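Step one of this worksheet: look at the structure below.
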Amino acid sequence: MRHDNNFIILATPAPISHRTAEENLGIGYLAAVLRKNNYEVEIIDGWLADFTPEQISSRILASKRPLFVGFSVYQSNMDIAIQTINAVKNKKLDIPFIAGGFGPTFNQSDFLNAGFDVTVRGEGEDSLLLLAKHYQDNSISLQEINNISYKNSNGYIVNNPILPLSCNLDDLPYPARDTIKYAMTRRTPIHVLTARGCTGSCLFCSINAFFQLSKTDKYRQRSIDNIVGELEELKSIGVQHIKIIDDSFIDGTRDERWCEDFADAMQKKRLKFLLRGSIRADKVTDSILFNLKRAGFFSFSCGIENFSETALKRMNKRANLSQNLNALNLFKKYHIYVQAGQILFDPETTLKELYENYQYMKKYDWIISKGVFTEMFAAEGTSFTKLIDKKKLKTSNTHQMGNYKYRIIDEKVANVHEALKKWHTTHMGLYDKAIDPLTSPKALSKEELKIFYNIYMKIRHKDLDVMGGVLERSENYSKEMLLAYIEKEIIQNSEFYKNINKEVSRAYKHCNLQYNANINPFFLDGKSK
C-alpha cells in the first residue's frame, strides 16, 4: 500500500441497533472540514452501505495508504470496528486509527486498550485537523492537541484538556454528501443539522454530559440564511424528505418570531419538504407549531418522558405535566405525528406514578411510543449514573453497550418492571420493525405513513390492555404470579401477533422498504429507553 501524504479515510461500522441505517452527518462535517483544508478524504459508511468488517477492511486496504483512519464509533459498534482494525493490522500495515463520538468521549480507555491509537473527546473538527497535521509532518505533537486521549511511551493513558468550541456554526462548510445515494435508495430522510446542544438539564441525558466537557455554550445555532442555503442545495439534487437531527430544534434564542421568519424564508424560496425534528415540550406553543407546520414539519420527537409530576421533577425535566399535555394537544390540533419519548422506570419509580402514566397513556393513546416497557439509561458521564453510584443502586460495575444496570427500590414496582419487560421482549423485534418507518422515520408519502400508523395503533392498544392487567394485579400478585399472568397473555395473543407480522410484511413490500436491524441490544442487557 503506497503512502499518500494528504489522504484520510473516515469510516463508521454498522452498530448493533434495532434501528435501520441512517446518514452519519458527523463524518460528513469532518470530511467537509478536512477537504476545505486541502485533504483528500474517502468516506466508508458500513451502516448505510451494509458492509461487513471484512468489506470495510478490504476497502481500506484497497485504497492508498492514509495518514490515518478515523472511526465514528459507539459502544454498540466498537467490536465491529476492532475486527476491522485487526484485519488491517494483520497485513502488517502500521496505520494510525482514531476513534471519535459518544463512546470514545466517555469510555476512552475501552477504545485505547482495544487498539485505537487516539480517541477524540467531544466535537472533532478542530482536533482532527491538528491530528492530520501531526501525522502528515509531525510539526505538532500529540501533547499539543486538545480534546484527545492517547497512550504515552510508558503505556499510560493521557487525557489532554478539552477546550471551548467555536460558537459560530455558520463557519462550518456544509457536510459532505458522499453517502446520499445509499440513504435515498433506502428511503431514508436526508439528515440536516441546524443547531448543536440543548439548554435542558435532564438527569439521564448524555448530550448535556457531552457538551459540558468543553464548557461551551450548551446550545449553538446556525442562521436561517445558512440553513436555507443548504436546503436549496439538497432540493437541487432531488431531496424531498429531511430529518432535522438537532437535539432540540427550538431552543436558545429561537422563539415564535424565529419560527415565523424561518417559515417565511422557506416559502419565499419555494422550498417544500417533509420535515421531521425534535422539540422540547416546554418550547411548544400554538404559534410555534403553526409556523413549523407551515415550514414543512409533519412529525416531531418530543421527550414527554413521564405523565407524573413527581417523576418529572426527579428527572430534572424543565417541562411539567401541564406543559406536556399542552404540547400533545397542540400536536393533535395541527395533525402532527409525535413520537413521545417515555421513561416509565427508574430506581425510585412508585406504583402511584405507574398508575398515573397508564391513565394518561390511555387518554393519549394516539401518540407514537416505544412500548409499555421503557426505563432510564444509565450512560457513562451522565448525572443519573453519578447519582445511582452515589446511592449505591448500581448492580454492575461494568457497563453493557455503554450503560450500567441498577436496581428498583420498590419491590412491587420491580415486579411490574419484570412482567412488562417479559411481555415486550416476546414481540419487540416485530414492534421495532412496525414503528421504524414512523420513528426513524422513512421517506414515505403521507398515505404510506398512515399504513404503518394504523398497524402501530393495533399494537399500542394491545400493549395498554396488558399494562392495565399487570397494574390491576400489582398490589396482590407476587413476581412469579405476575410472570405467570404474562405468560398466559403471550399464549392467548400469539395469533394476534402472527397477523400483525403479516400486515407489517405486506406494508414493507408495498412501500419497498428494507429492514435489516438487530434485536434491541439494550433490552437484552436490561437497559432500554
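Each chain in the C-alpha cells gets a letter, A, B, ..., in the order shown, and its residues are numbered from 1; ligands are numbered from 1 in order too.
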Return as a Markdown table the residues of segment 153-194 of chain A lying at most 8 Å from segment 230-254 of chain A, together with the closest atom-to-atom pair for each and the distance in Å to one decimal, counting only C-alpha atoms, with rows in chain order and ascending residue number.
```
| residue | atom | partner | partner_atom | distance |
| --- | --- | --- | --- | --- |
| A:Tyr174 | CA | A:Glu230 | CA | 6.8 |
| A:Thr188 | CA | A:His241 | CA | 7.9 |
| A:Pro189 | CA | A:Ile242 | CA | 4.8 |
| A:Ile190 | CA | A:Ile242 | CA | 4.8 |
| A:His191 | CA | A:Lys243 | CA | 4.9 |
| A:Val192 | CA | A:Ile244 | CA | 4.9 |
| A:Leu193 | CA | A:Ile245 | CA | 5.4 |
| A:Thr194 | CA | A:Asp246 | CA | 6.3 |
```
Mind running segment 426-501 of chain A against segment 340-346 of chain A at 12 Å and telling me each contacting residue's nearest atom pair with the distance in Å (one decimal), counting only C-alpha atoms, chain and number ascending, as CSV?
```
residue,atom,partner,partner_atom,distance
A:Leu438,CA,A:Ala340,CA,11.8
A:Thr439,CA,A:Ala340,CA,9.9
A:Met467,CA,A:Leu344,CA,11.7
```
Requested write-out: all heavy atoms of the selected residues, as a PDB file, in the first residue's frame:
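Just written: result35.pdb:
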```
ATOM      1  N   LEU A 438     -42.091   5.042  11.186  1.00  0.00           N
ATOM      2  CA  LEU A 438     -42.686   6.216  11.813  1.00  0.00           C
ATOM      3  C   LEU A 438     -41.696   6.968  12.681  1.00  0.00           C
ATOM      4  O   LEU A 438     -41.747   8.196  12.783  1.00  0.00           O
ATOM      5  CB  LEU A 438     -43.880   5.799  12.690  1.00  0.00           C
ATOM      6  CG  LEU A 438     -45.043   5.104  11.988  1.00  0.00           C
ATOM      7  CD1 LEU A 438     -45.998   4.538  13.033  1.00  0.00           C
ATOM      8  CD2 LEU A 438     -45.783   6.063  11.065  1.00  0.00           C
ATOM      9  N   THR A 439     -40.769   6.254  13.316  1.00  0.00           N
ATOM     10  CA  THR A 439     -39.883   6.887  14.282  1.00  0.00           C
ATOM     11  C   THR A 439     -38.538   7.274  13.697  1.00  0.00           C
ATOM     12  O   THR A 439     -37.896   8.213  14.193  1.00  0.00           O
ATOM     13  CB  THR A 439     -39.645   5.956  15.483  1.00  0.00           C
ATOM     14  OG1 THR A 439     -39.097   4.706  15.017  1.00  0.00           O
ATOM     15  CG2 THR A 439     -40.944   5.697  16.214  1.00  0.00           C
ATOM     16  N   MET A 467     -50.781  -3.822  29.986  1.00  0.00           N
ATOM     17  CA  MET A 467     -50.248  -2.982  31.064  1.00  0.00           C
ATOM     18  C   MET A 467     -51.303  -2.778  32.147  1.00  0.00           C
ATOM     19  O   MET A 467     -51.012  -2.854  33.357  1.00  0.00           O
ATOM     20  CB  MET A 467     -49.787  -1.631  30.516  1.00  0.00           C
ATOM     21  CG  MET A 467     -49.185  -0.716  31.566  1.00  0.00           C
ATOM     22  SD  MET A 467     -48.688   0.896  30.871  1.00  0.00           S
ATOM     23  CE  MET A 467     -47.973   1.684  32.316  1.00  0.00           C
TER      24      MET A 467
END
```
Selection: 10 Å around Thr426 of chain A, only C-alpha atoms, excl. self and same-chain fewer than 3 positions, as a compact mmCIF listing (two decimals) with N, CA and C atoms, in the first residue's frame:
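To be explicit, this is the file written out as result-v1.txt:
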```txt
# COMPACT_ATOMS: atom_id res chain seq x y z
N LYS A 421 -41.40 -6.17 30.99
CA LYS A 421 -40.22 -6.48 30.18
C LYS A 421 -40.41 -7.82 29.48
N LYS A 422 -40.91 -8.82 30.21
CA LYS A 422 -41.15 -10.14 29.62
C LYS A 422 -42.16 -10.04 28.48
N TRP A 423 -43.21 -9.24 28.69
CA TRP A 423 -44.23 -9.06 27.65
C TRP A 423 -43.62 -8.45 26.40
N GLY A 429 -38.99 -7.46 18.40
CA GLY A 429 -38.47 -7.39 17.04
C GLY A 429 -39.53 -6.92 16.07
N LEU A 430 -40.73 -7.48 16.19
CA LEU A 430 -41.86 -7.08 15.36
C LEU A 430 -42.26 -5.64 15.67
N TYR A 431 -42.26 -5.28 16.95
CA TYR A 431 -42.63 -3.93 17.37
C TYR A 431 -41.70 -2.90 16.74
N GLU A 487 -47.27 -14.80 30.88
CA GLU A 487 -47.10 -15.99 30.03
C GLU A 487 -48.44 -16.40 29.40
N ILE A 490 -49.26 -13.94 26.63
CA ILE A 490 -48.42 -14.19 25.45
C ILE A 490 -49.02 -15.31 24.60
N SER A 494 -50.87 -14.94 20.67
CA SER A 494 -49.92 -15.38 19.64
C SER A 494 -50.50 -15.22 18.23
```
Shell around segment 313-320 of chain A at 9 Å using only C-alpha atoms, local window under 2 positions removed, as a list in words
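Skipping anything fewer than 2 positions along the chain leaves Gly200, Ser201, Cys202, Leu203, Phe204, Arg280, Ala281, Asp282, Lys283, Ile304, Glu305, Phe307, Ser308, Glu309, Thr310, Ala311, Ser322, Gln323, Asn324, Leu325, Glu348 and Phe384 of chain A.
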Any idea what's packed within 12 Å of segment 411-414 of chain A, counting only C-alpha atoms, ignoring anything in its chain fewer than 6 positions away? Could you give it as an NGL selection string?
:A and (344-355 or 373 or 375 or 420-421 or 470-483)
Using C-alpha atoms, can you export the residues from the last selection as a compact mmCIF listing (two decimals), in the first residue's frame?
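File out39.txt, as written:
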```txt
# COMPACT_ATOMS: atom_id res chain seq x y z
CA LEU A 344 -41.55 4.64 32.87
CA PHE A 345 -38.99 3.09 35.18
CA ASP A 346 -36.08 4.39 37.22
CA PRO A 347 -34.82 3.27 40.65
CA GLU A 348 -37.36 5.38 42.57
CA THR A 349 -40.48 4.76 40.47
CA THR A 350 -43.64 4.20 42.53
CA LEU A 351 -46.83 2.30 41.77
CA LYS A 352 -48.74 5.58 42.03
CA GLU A 353 -46.57 7.03 39.24
CA LEU A 354 -47.17 3.96 37.07
CA TYR A 355 -50.94 4.30 37.54
CA PHE A 373 -41.63 -1.17 28.99
CA GLU A 375 -36.52 2.55 31.53
CA LEU A 420 -43.77 -5.75 31.29
CA LYS A 421 -40.22 -6.48 30.18
CA VAL A 470 -50.48 -6.03 35.21
CA LEU A 471 -51.19 -2.89 37.24
CA GLU A 472 -54.54 -4.30 38.45
CA ARG A 473 -52.65 -7.27 39.91
CA SER A 474 -49.55 -5.43 41.10
CA GLU A 475 -50.66 -4.93 44.70
CA ASN A 476 -51.58 -8.54 45.44
CA TYR A 477 -49.55 -10.66 42.98
CA SER A 478 -46.04 -11.88 43.62
CA LYS A 479 -43.39 -11.65 40.93
CA GLU A 480 -43.99 -15.28 39.98
CA MET A 481 -47.74 -14.74 39.73
CA LEU A 482 -47.31 -11.66 37.52
CA LEU A 483 -44.93 -13.52 35.23
```
Please indicate the distance in Å from atom CA of Phe102 of chain A to atom CA of Gly70 of chain A, rounded to one decimal place.
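Separation of atom CA of Phe102 of chain A and atom CA of Gly70 of chain A: 14.1 Å.
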So that I can check the secondary structure, give me every residue of segment 139-324 of chain A assigned strand (DSSP E) by backbone DSSP, as a ChimeraX atom specification.
/A:148-151,157-159,190-192,195-197,219-221,241-244,274-278,297-305
Could you work out how far atom CA of Thr52 of chain A lies from atom CA of Pro13 of chain A, giving the answer in Å with one decimal?
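So the answer is 7.8 Å.
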Step one, run DSSP on the backbone; step two, keep only residues of segment 377-467 of chain A assigned to helix (DSSP H, G or I); then write them as a PyMOL selection string.
chain A and resi 383-390+411-425+428-439+446-467
Check the smallest atom-to-atom distance from each of A:Val372, A:Ile279, A:Val69, A:Leu289 to Leu464 of chain A using only C-alpha atoms, then report the winner.
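So, comparing all the options, the nearest one is A:Val372.
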Shortest contact to Arg220 of chain A, candidates A:Val284, A:Gly303, A:Asp170, A:Pro104, atoms counted only C-alpha atoms, goes to A:Asp170
Nearest to Ala32 of chain A, chosen from A:Gly103, A:Pro15, A:Gly122, A:Pro173, with only C-alpha atoms counted in the distances
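That would be A:Pro173, the residue with the smallest distance to Ala32 of chain A.
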For Asn168 of chain A, which residue among A:Phe297, A:Tyr150, A:Tyr219, A:Phe106 is the nearest when counting only C-alpha atoms?
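Smallest separation from Asn168 of chain A among the options: A:Tyr219.
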